[in-house]
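Text of my_file-v2.txt (compact mmCIF, N, CA and C atoms) as supplied:
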# COMPACT_ATOMS: atom_id res chain seq x y z
N MET A 832 2.73 13.85 -7.54
CA MET A 832 1.94 14.03 -6.34
C MET A 832 1.53 12.68 -5.81
N LYS A 833 1.34 12.59 -4.53
CA LYS A 833 0.92 11.35 -3.90
C LYS A 833 -0.56 11.47 -3.58
N ILE A 834 -1.34 10.45 -3.94
CA ILE A 834 -2.78 10.44 -3.68
C ILE A 834 -3.05 9.31 -2.69
N THR A 835 -3.76 9.64 -1.62
CA THR A 835 -4.10 8.66 -0.60
C THR A 835 -5.61 8.48 -0.58
N VAL A 836 -6.03 7.23 -0.58
CA VAL A 836 -7.45 6.89 -0.52
C VAL A 836 -7.67 6.09 0.76
N SER A 837 -8.73 6.41 1.47
CA SER A 837 -9.04 5.68 2.70
C SER A 837 -10.54 5.42 2.74
N VAL A 838 -10.90 4.17 3.05
CA VAL A 838 -12.30 3.77 3.16
C VAL A 838 -12.46 3.11 4.52
N ALA A 839 -13.45 3.55 5.27
CA ALA A 839 -13.70 2.96 6.59
C ALA A 839 -15.07 2.32 6.62
N GLY A 840 -15.12 1.15 7.25
CA GLY A 840 -16.38 0.47 7.45
C GLY A 840 -16.87 0.75 8.85
N ALA A 841 -18.16 0.70 9.04
CA ALA A 841 -18.73 0.95 10.36
C ALA A 841 -18.50 -0.25 11.28
N ALA A 842 -18.34 0.04 12.54
CA ALA A 842 -18.21 -1.04 13.52
C ALA A 842 -19.54 -1.78 13.60
N THR A 843 -19.45 -3.10 13.76
CA THR A 843 -20.66 -3.91 13.90
C THR A 843 -20.63 -4.55 15.28
N ALA A 844 -21.70 -5.24 15.62
CA ALA A 844 -21.79 -5.88 16.93
C ALA A 844 -20.66 -6.87 17.15
N GLY A 845 -20.23 -7.56 16.08
CA GLY A 845 -19.21 -8.58 16.22
C GLY A 845 -17.81 -8.13 15.83
N SER A 846 -17.64 -6.88 15.41
CA SER A 846 -16.31 -6.44 15.00
C SER A 846 -16.14 -4.95 15.20
N SER A 847 -14.90 -4.54 15.22
CA SER A 847 -14.61 -3.11 15.31
C SER A 847 -14.58 -2.52 13.91
N ALA A 848 -14.47 -1.22 13.83
CA ALA A 848 -14.41 -0.54 12.54
C ALA A 848 -13.18 -1.01 11.78
N VAL A 849 -13.31 -1.12 10.46
CA VAL A 849 -12.22 -1.54 9.60
C VAL A 849 -11.90 -0.39 8.65
N ARG A 850 -10.60 -0.14 8.46
CA ARG A 850 -10.18 0.93 7.56
C ARG A 850 -9.19 0.36 6.55
N CYS A 851 -9.33 0.78 5.33
CA CYS A 851 -8.42 0.40 4.26
C CYS A 851 -7.86 1.69 3.67
N SER A 852 -6.55 1.79 3.60
CA SER A 852 -5.90 2.95 3.00
C SER A 852 -4.94 2.49 1.92
N ALA A 853 -4.84 3.25 0.87
CA ALA A 853 -3.91 2.94 -0.22
C ALA A 853 -3.37 4.24 -0.78
N GLU A 854 -2.15 4.20 -1.26
CA GLU A 854 -1.51 5.37 -1.87
C GLU A 854 -1.01 5.02 -3.25
N PHE A 855 -1.00 6.03 -4.12
CA PHE A 855 -0.32 5.88 -5.40
C PHE A 855 0.13 7.25 -5.84
N GLU A 856 1.08 7.27 -6.76
CA GLU A 856 1.61 8.53 -7.25
C GLU A 856 1.06 8.82 -8.63
N ALA A 857 0.88 10.10 -8.91
CA ALA A 857 0.41 10.53 -10.22
C ALA A 857 1.11 11.82 -10.59
N GLU A 858 1.37 11.96 -11.87
CA GLU A 858 2.01 13.18 -12.35
C GLU A 858 1.00 14.31 -12.51
N ALA A 859 -0.24 13.97 -12.87
CA ALA A 859 -1.28 14.98 -13.10
C ALA A 859 -2.63 14.33 -12.86
N ILE A 860 -3.64 15.16 -12.69
CA ILE A 860 -5.01 14.65 -12.57
C ILE A 860 -5.58 14.58 -13.98
N ASP A 861 -5.49 13.40 -14.56
CA ASP A 861 -6.04 13.17 -15.89
C ASP A 861 -7.01 11.99 -15.80
N GLN A 862 -7.51 11.55 -16.93
CA GLN A 862 -8.50 10.46 -16.90
C GLN A 862 -7.91 9.18 -16.32
N GLY A 863 -6.66 8.90 -16.63
CA GLY A 863 -6.02 7.71 -16.09
C GLY A 863 -5.93 7.77 -14.57
N THR A 864 -5.59 8.94 -14.04
CA THR A 864 -5.51 9.12 -12.59
C THR A 864 -6.89 8.97 -11.96
N LEU A 865 -7.89 9.56 -12.58
CA LEU A 865 -9.26 9.44 -12.06
C LEU A 865 -9.71 7.97 -12.07
N ASP A 866 -9.37 7.24 -13.14
CA ASP A 866 -9.71 5.82 -13.21
C ASP A 866 -9.03 5.05 -12.09
N ARG A 867 -7.74 5.36 -11.83
CA ARG A 867 -7.03 4.68 -10.75
C ARG A 867 -7.63 5.03 -9.38
N MET A 868 -8.08 6.27 -9.21
CA MET A 868 -8.70 6.66 -7.94
C MET A 868 -9.98 5.86 -7.72
N VAL A 869 -10.82 5.78 -8.74
CA VAL A 869 -12.07 5.01 -8.63
C VAL A 869 -11.77 3.55 -8.35
N GLN A 870 -10.80 3.00 -9.07
CA GLN A 870 -10.43 1.61 -8.89
C GLN A 870 -9.91 1.36 -7.47
N THR A 871 -9.14 2.29 -6.95
CA THR A 871 -8.60 2.15 -5.60
C THR A 871 -9.70 2.22 -4.55
N VAL A 872 -10.65 3.13 -4.74
CA VAL A 872 -11.78 3.22 -3.81
C VAL A 872 -12.58 1.92 -3.85
N GLN A 873 -12.84 1.40 -5.04
CA GLN A 873 -13.59 0.15 -5.17
C GLN A 873 -12.85 -1.00 -4.51
N GLN A 874 -11.54 -1.05 -4.70
CA GLN A 874 -10.73 -2.10 -4.10
C GLN A 874 -10.77 -2.00 -2.58
N CYS A 875 -10.60 -0.81 -2.05
CA CYS A 875 -10.65 -0.62 -0.59
C CYS A 875 -12.03 -0.98 -0.05
N GLU A 876 -13.06 -0.57 -0.74
CA GLU A 876 -14.41 -0.89 -0.30
C GLU A 876 -14.61 -2.41 -0.26
N ALA A 877 -14.12 -3.11 -1.29
CA ALA A 877 -14.25 -4.57 -1.33
C ALA A 877 -13.47 -5.21 -0.18
N ALA A 878 -12.27 -4.68 0.10
CA ALA A 878 -11.46 -5.23 1.20
C ALA A 878 -12.15 -5.03 2.54
N VAL A 879 -12.76 -3.87 2.75
CA VAL A 879 -13.48 -3.60 3.99
C VAL A 879 -14.67 -4.54 4.12
N HIS A 880 -15.42 -4.71 3.04
CA HIS A 880 -16.58 -5.61 3.07
C HIS A 880 -16.16 -7.05 3.37
N ARG A 881 -15.07 -7.50 2.70
CA ARG A 881 -14.59 -8.87 2.94
C ARG A 881 -14.16 -9.05 4.39
N THR A 882 -13.44 -8.08 4.93
CA THR A 882 -12.96 -8.18 6.30
C THR A 882 -14.11 -8.23 7.29
N GLN A 883 -15.18 -7.52 6.98
CA GLN A 883 -16.34 -7.51 7.86
C GLN A 883 -17.29 -8.67 7.57
N GLY A 884 -16.92 -9.53 6.63
CA GLY A 884 -17.74 -10.70 6.35
C GLY A 884 -18.90 -10.44 5.41
N HIS A 885 -18.90 -9.31 4.72
CA HIS A 885 -19.95 -8.99 3.75
C HIS A 885 -19.43 -9.25 2.35
N ALA A 886 -20.31 -9.57 1.46
CA ALA A 886 -19.93 -9.69 0.06
C ALA A 886 -19.77 -8.29 -0.51
N PRO A 887 -18.74 -8.05 -1.32
CA PRO A 887 -18.59 -6.74 -1.94
C PRO A 887 -19.76 -6.45 -2.88
N ARG A 888 -20.03 -5.16 -3.06
CA ARG A 888 -21.07 -4.79 -4.01
C ARG A 888 -20.67 -5.20 -5.40
N ALA A 889 -21.63 -5.64 -6.20
CA ALA A 889 -21.35 -6.05 -7.57
C ALA A 889 -20.91 -4.83 -8.37
N GLN A 890 -19.80 -4.96 -9.09
CA GLN A 890 -19.26 -3.86 -9.89
C GLN A 890 -19.05 -4.30 -11.34
N GLY A 891 -19.50 -5.47 -11.70
CA GLY A 891 -19.24 -6.00 -13.03
C GLY A 891 -18.02 -6.91 -13.02
N HIS A 892 -16.98 -6.50 -12.29
CA HIS A 892 -15.81 -7.33 -12.09
C HIS A 892 -15.08 -6.82 -10.86
N ALA A 893 -14.28 -7.68 -10.28
CA ALA A 893 -13.54 -7.29 -9.09
C ALA A 893 -12.45 -6.32 -9.48
N PRO A 894 -12.33 -5.19 -8.79
CA PRO A 894 -11.28 -4.24 -9.14
C PRO A 894 -9.91 -4.79 -8.78
N GLU A 895 -8.89 -4.42 -9.58
CA GLU A 895 -7.54 -4.83 -9.27
C GLU A 895 -6.95 -3.86 -8.27
N PRO A 896 -6.03 -4.32 -7.45
CA PRO A 896 -5.39 -3.43 -6.49
C PRO A 896 -4.56 -2.37 -7.17
N SER A 897 -4.33 -1.28 -6.48
CA SER A 897 -3.50 -0.20 -7.00
C SER A 897 -2.05 -0.43 -6.59
N GLY A 898 -1.22 0.56 -6.88
CA GLY A 898 0.20 0.44 -6.59
C GLY A 898 0.54 0.11 -5.16
N SER A 899 -0.20 0.54 -4.19
CA SER A 899 0.05 0.20 -2.79
C SER A 899 -1.22 -0.40 -2.21
N PRO A 900 -1.44 -1.69 -2.40
CA PRO A 900 -2.71 -2.29 -2.00
C PRO A 900 -2.82 -2.45 -0.50
N PRO A 901 -4.04 -2.57 0.00
CA PRO A 901 -4.22 -2.87 1.40
C PRO A 901 -3.75 -4.29 1.68
N ALA A 902 -3.48 -4.58 2.93
CA ALA A 902 -3.02 -5.91 3.30
C ALA A 902 -4.12 -6.92 2.99
N ARG A 903 -3.70 -8.08 2.49
CA ARG A 903 -4.63 -9.16 2.18
C ARG A 903 -4.07 -10.45 2.74
N PRO A 904 -4.93 -11.40 3.06
CA PRO A 904 -4.44 -12.66 3.59
C PRO A 904 -3.49 -13.39 2.65
N ASP A 905 -3.75 -13.43 1.36
CA ASP A 905 -2.89 -14.11 0.40
C ASP A 905 -2.07 -13.07 -0.35
N SER A 906 -0.91 -12.75 0.18
CA SER A 906 -0.11 -11.68 -0.40
C SER A 906 0.44 -12.04 -1.78
N ARG A 907 0.62 -13.34 -2.09
CA ARG A 907 1.11 -13.71 -3.41
C ARG A 907 0.10 -13.33 -4.48
N SER A 908 -1.20 -13.59 -4.27
CA SER A 908 -2.18 -13.22 -5.28
C SER A 908 -2.35 -11.72 -5.35
N ALA A 909 -2.21 -11.03 -4.23
CA ALA A 909 -2.30 -9.57 -4.23
C ALA A 909 -1.15 -8.97 -5.03
N ALA A 910 0.05 -9.53 -4.85
CA ALA A 910 1.22 -9.02 -5.58
C ALA A 910 1.04 -9.21 -7.08
N ALA A 911 0.39 -10.29 -7.47
CA ALA A 911 0.20 -10.57 -8.89
C ALA A 911 -0.80 -9.61 -9.52
N LYS A 912 -1.65 -8.96 -8.73
CA LYS A 912 -2.71 -8.11 -9.27
C LYS A 912 -2.45 -6.61 -9.10
N ARG A 913 -1.40 -6.23 -8.37
CA ARG A 913 -1.15 -4.81 -8.16
C ARG A 913 -0.86 -4.11 -9.48
N LEU A 914 -1.33 -2.90 -9.60
CA LEU A 914 -1.11 -2.14 -10.82
C LEU A 914 0.32 -1.61 -10.86
N ALA A 915 0.78 -1.37 -12.06
CA ALA A 915 2.12 -0.83 -12.28
C ALA A 915 2.27 0.50 -11.54
N THR A 916 3.48 0.76 -11.09
CA THR A 916 3.76 2.02 -10.39
C THR A 916 4.02 3.13 -11.41
N GLU A 917 3.92 4.35 -10.96
CA GLU A 917 4.22 5.49 -11.84
C GLU A 917 5.66 5.43 -12.35
N PRO A 918 6.66 5.10 -11.51
CA PRO A 918 8.02 4.99 -12.06
C PRO A 918 8.13 3.92 -13.16
N GLN A 919 7.42 2.82 -13.02
CA GLN A 919 7.43 1.80 -14.08
C GLN A 919 6.81 2.36 -15.36
N LEU A 920 5.69 3.07 -15.22
CA LEU A 920 5.02 3.63 -16.40
C LEU A 920 5.90 4.67 -17.08
N ARG A 921 6.59 5.50 -16.28
CA ARG A 921 7.50 6.49 -16.86
C ARG A 921 8.64 5.78 -17.59
N ALA A 922 9.17 4.71 -17.00
CA ALA A 922 10.26 3.97 -17.64
C ALA A 922 9.78 3.37 -18.96
N LEU A 923 8.59 2.80 -18.97
CA LEU A 923 8.06 2.21 -20.20
C LEU A 923 7.86 3.26 -21.29
N ARG A 924 7.34 4.42 -20.89
CA ARG A 924 7.16 5.49 -21.88
C ARG A 924 8.50 5.92 -22.46
N ALA A 925 9.51 6.05 -21.60
CA ALA A 925 10.84 6.48 -22.05
C ALA A 925 11.48 5.43 -22.96
N ILE A 926 11.40 4.17 -22.57
CA ILE A 926 12.01 3.10 -23.35
C ILE A 926 11.34 2.98 -24.72
N THR A 927 10.02 2.97 -24.74
CA THR A 927 9.33 2.83 -26.03
C THR A 927 9.58 4.05 -26.91
N HIS A 928 9.63 5.24 -26.32
CA HIS A 928 9.92 6.45 -27.09
C HIS A 928 11.32 6.37 -27.69
N ARG A 929 12.29 5.99 -26.86
CA ARG A 929 13.68 5.90 -27.29
C ARG A 929 13.85 4.86 -28.42
N ARG A 930 13.07 3.78 -28.37
CA ARG A 930 13.17 2.73 -29.38
C ARG A 930 12.24 2.96 -30.57
N GLY A 931 11.48 4.07 -30.54
CA GLY A 931 10.58 4.37 -31.65
C GLY A 931 9.36 3.46 -31.70
N LEU A 932 8.94 2.96 -30.53
CA LEU A 932 7.77 2.07 -30.45
C LEU A 932 6.58 2.81 -29.87
N ARG A 933 5.39 2.29 -30.10
CA ARG A 933 4.18 2.84 -29.48
C ARG A 933 3.82 1.96 -28.30
N LEU A 934 3.79 2.55 -27.10
CA LEU A 934 3.49 1.80 -25.89
C LEU A 934 2.13 1.10 -26.00
N ALA A 935 1.13 1.81 -26.51
CA ALA A 935 -0.21 1.23 -26.64
C ALA A 935 -0.18 -0.03 -27.51
N SER A 936 0.58 -0.01 -28.58
CA SER A 936 0.68 -1.18 -29.46
C SER A 936 1.37 -2.34 -28.76
N GLU A 937 2.41 -2.05 -27.98
CA GLU A 937 3.10 -3.10 -27.23
C GLU A 937 2.16 -3.73 -26.20
N LEU A 938 1.39 -2.90 -25.51
CA LEU A 938 0.47 -3.41 -24.49
C LEU A 938 -0.61 -4.29 -25.12
N GLU A 939 -1.13 -3.85 -26.26
CA GLU A 939 -2.18 -4.61 -26.95
C GLU A 939 -1.65 -5.95 -27.44
N SER A 940 -0.49 -5.94 -28.07
CA SER A 940 0.03 -7.18 -28.65
C SER A 940 0.53 -8.16 -27.59
N ARG A 941 1.10 -7.66 -26.51
CA ARG A 941 1.69 -8.54 -25.49
C ARG A 941 0.70 -8.99 -24.42
N PHE A 942 -0.21 -8.07 -24.02
CA PHE A 942 -1.09 -8.37 -22.89
C PHE A 942 -2.58 -8.23 -23.18
N GLY A 943 -2.91 -7.73 -24.37
CA GLY A 943 -4.32 -7.57 -24.72
C GLY A 943 -5.01 -6.46 -23.94
N ILE A 944 -4.24 -5.46 -23.51
CA ILE A 944 -4.83 -4.33 -22.79
C ILE A 944 -4.64 -3.06 -23.60
N HIS A 945 -5.44 -2.04 -23.29
CA HIS A 945 -5.46 -0.84 -24.11
C HIS A 945 -4.83 0.38 -23.44
N SER A 946 -4.58 0.31 -22.16
CA SER A 946 -4.10 1.48 -21.45
C SER A 946 -2.98 1.10 -20.48
N PRO A 947 -1.95 1.93 -20.35
CA PRO A 947 -0.89 1.65 -19.38
C PRO A 947 -1.43 1.52 -17.95
N GLN A 948 -2.54 2.18 -17.64
CA GLN A 948 -3.12 2.11 -16.31
C GLN A 948 -3.70 0.73 -15.99
N GLN A 949 -3.87 -0.11 -17.00
CA GLN A 949 -4.37 -1.47 -16.79
C GLN A 949 -3.24 -2.45 -16.53
N LEU A 950 -2.02 -2.03 -16.72
CA LEU A 950 -0.85 -2.89 -16.60
C LEU A 950 -0.58 -3.25 -15.14
N THR A 951 -0.35 -4.53 -14.88
CA THR A 951 -0.02 -4.94 -13.52
C THR A 951 1.46 -4.70 -13.26
N LEU A 952 1.81 -4.73 -11.99
CA LEU A 952 3.20 -4.56 -11.57
C LEU A 952 4.08 -5.60 -12.26
N ARG A 953 3.64 -6.84 -12.26
CA ARG A 953 4.41 -7.93 -12.88
C ARG A 953 4.53 -7.74 -14.38
N GLN A 954 3.44 -7.38 -15.05
CA GLN A 954 3.49 -7.17 -16.49
C GLN A 954 4.44 -6.04 -16.85
N ALA A 955 4.39 -4.96 -16.08
CA ALA A 955 5.28 -3.82 -16.34
C ALA A 955 6.73 -4.24 -16.20
N SER A 956 7.02 -4.99 -15.17
CA SER A 956 8.39 -5.46 -14.95
C SER A 956 8.85 -6.35 -16.11
N GLN A 957 7.98 -7.26 -16.54
CA GLN A 957 8.31 -8.14 -17.66
C GLN A 957 8.55 -7.34 -18.94
N LEU A 958 7.71 -6.34 -19.19
CA LEU A 958 7.84 -5.55 -20.40
C LEU A 958 9.11 -4.70 -20.37
N ILE A 959 9.41 -4.12 -19.23
CA ILE A 959 10.65 -3.34 -19.10
C ILE A 959 11.85 -4.23 -19.40
N ASP A 960 11.88 -5.41 -18.80
CA ASP A 960 12.98 -6.34 -19.04
C ASP A 960 13.08 -6.70 -20.52
N ALA A 961 11.95 -7.03 -21.13
CA ALA A 961 11.95 -7.43 -22.54
C ALA A 961 12.41 -6.30 -23.45
N LEU A 962 11.97 -5.08 -23.18
CA LEU A 962 12.33 -3.96 -24.03
C LEU A 962 13.77 -3.50 -23.83
N GLN A 963 14.35 -3.83 -22.68
CA GLN A 963 15.73 -3.43 -22.42
C GLN A 963 16.74 -4.43 -22.96
N GLU A 964 16.29 -5.62 -23.38
CA GLU A 964 17.20 -6.60 -23.97
C GLU A 964 17.74 -6.02 -25.28
N PRO A 965 19.06 -6.18 -25.51
CA PRO A 965 19.65 -5.59 -26.72
C PRO A 965 19.01 -6.06 -28.02
N ALA A 966 18.64 -7.32 -28.09
CA ALA A 966 18.08 -7.87 -29.34
C ALA A 966 16.57 -8.04 -29.23
N ALA A 967 15.91 -7.19 -28.42
CA ALA A 967 14.46 -7.33 -28.26
C ALA A 967 13.77 -7.10 -29.58
N THR A 968 12.81 -7.97 -29.88
CA THR A 968 12.04 -7.83 -31.11
C THR A 968 10.60 -7.57 -30.74
N THR A 969 9.90 -6.85 -31.59
CA THR A 969 8.49 -6.54 -31.32
C THR A 969 7.62 -7.13 -32.38
How does the structure come out when it is put into structure tokens?
Amino acid sequence: MKITVSVAGAATAGSSAVRCSAEFEAEAIDQGTLDRMVQTVQQCEAAVHRTQGHAPRAQGHAPEPSGSPPARPDSRSAAAKRLATEPQLRALRAITHRRGLRLASELESRFGIHSPQQLTLRQASQLIDALQEPAATT
């Protein structure tokens, strides 16, 4: 299923209303999907606040963008922070299952993260490439 999140900021005296929309795909509504939804809303809210010249609300840390992030001035840094796509996560699950590996263990040892939903687009791509190498070692 495709999930779309949209956050709109109010128009101010010096600017028009700003809207941030993002989409991502999910197989089911589970805790990981709910976490991604919250993260996407926080990211959109921060983008709206930045565009309107306001500081984002403190959240403990800046949320990472989701699979389809809103446009940002520095697209290179945005690309580095986008979360892995559902097709990447499915591929990683299939590859690790086929090789008899635990995805959670690979994520912890390689990237220091505990959940596939924390994986960035770049990290997922790197891990897929590494696991598909014929002589890949873990």
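Using only C-alpha atoms for every distance, the candidate list A:Arg867, A:Pro918, A:Arg930, A:Phe855 yields A:Arg930 as the residue closest to Glu964 (chain A).
Atom C of Leu938 (chain A) to atom N of Ala915 (chain A) spans 13.5 Å [interatomic distance, one decimal].
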Contacts of Glu858 (chain A) within 8 Å, only N, CA and C atoms, excl. fewer than 6 positions in-chain, as a list in words: Met832, Lys833, Thr864 and Glu917 of chain A
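A straight line drawn from CA of Leu865 (chain A) to atom C of His928 (chain A) is 26.0 Å long.
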Can you pull out every residue within 10 Å of Met868 (chain A), counting only C-alpha atoms, but drop anything in the same chain fewer than 4 positions away, and send it as JSON, numbers by chain? {"A": [834, 835, 836, 853, 854, 855, 860, 862, 863, 864, 872, 873, 874, 897]}
Skipping near chain neighbours, those fewer than 2 positions away, what residues fall within 7 Å of Leu952 (chain A) using only C-alpha atoms, listed as a PyMOL selection string? chain A and resi 913-916+950+954-956
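Atom N of Gln870 (chain A) sits 14.4 Å away from CA of Pro947 (chain A).
Take the candidates A:Leu920, A:Ala925, A:Gln957, A:His945 and check each one against Glu856 (chain A) using only C-alpha atoms; the shortest distance goes to A:Leu920.
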Quick one: everything within 8 Å of region 935-937 of chain A, counting only N, CA and C atoms, minus sequence neighbours fewer than 5 positions away in the same chain. Send it as an mmCIF file with N, CA and C atoms, in the coordinates of the input.
data_model
loop_
_atom_site.group_PDB
_atom_site.id
_atom_site.type_symbol
_atom_site.label_atom_id
_atom_site.label_comp_id
_atom_site.auth_asym_id
_atom_site.auth_seq_id
_atom_site.Cartn_x
_atom_site.Cartn_y
_atom_site.Cartn_z
ATOM 1 N N PHE A 942 -0.210 -8.070 -24.020
ATOM 2 C CA PHE A 942 -1.090 -8.370 -22.890
ATOM 3 C C PHE A 942 -2.580 -8.230 -23.180
ATOM 4 N N GLY A 943 -2.910 -7.730 -24.370
ATOM 5 C CA GLY A 943 -4.320 -7.570 -24.720
ATOM 6 C C GLY A 943 -5.010 -6.460 -23.940
ATOM 7 N N ILE A 944 -4.240 -5.460 -23.510
ATOM 8 C CA ILE A 944 -4.830 -4.330 -22.790
ATOM 9 C C ILE A 944 -4.640 -3.060 -23.600
ATOM 10 N N HIS A 945 -5.440 -2.040 -23.290
ATOM 11 C CA HIS A 945 -5.460 -0.840 -24.110
ATOM 12 C C HIS A 945 -4.830 0.380 -23.440
ATOM 13 N N SER A 946 -4.580 0.310 -22.160
ATOM 14 C CA SER A 946 -4.100 1.480 -21.450
ATOM 15 C C SER A 946 -2.980 1.100 -20.480
ATOM 16 N N PRO A 947 -1.950 1.930 -20.350
ATOM 17 C CA PRO A 947 -0.890 1.650 -19.380
ATOM 18 C C PRO A 947 -1.430 1.520 -17.950
ATOM 19 N N THR A 969 9.900 -6.850 -31.590
ATOM 20 C CA THR A 969 8.490 -6.540 -31.320
ATOM 21 C C THR A 969 7.620 -7.130 -32.380
#
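Considering the residues A:Ile926, A:Ala857, A:Ala961, A:Val838 and counting only C-alpha atoms, Glu876 (chain A) has its shortest atom-to-atom contact with A:Val838.
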Around the point (-10.1, 6.3, 6.4) (coordinates from the file), which residues reach within 8 Å if we count only N, CA and C atoms? Answer as a list in words. Val836, Ser837, Val838, Ala839, Gly840, Val849, Arg850, Cys851 and Ser852 of chain A
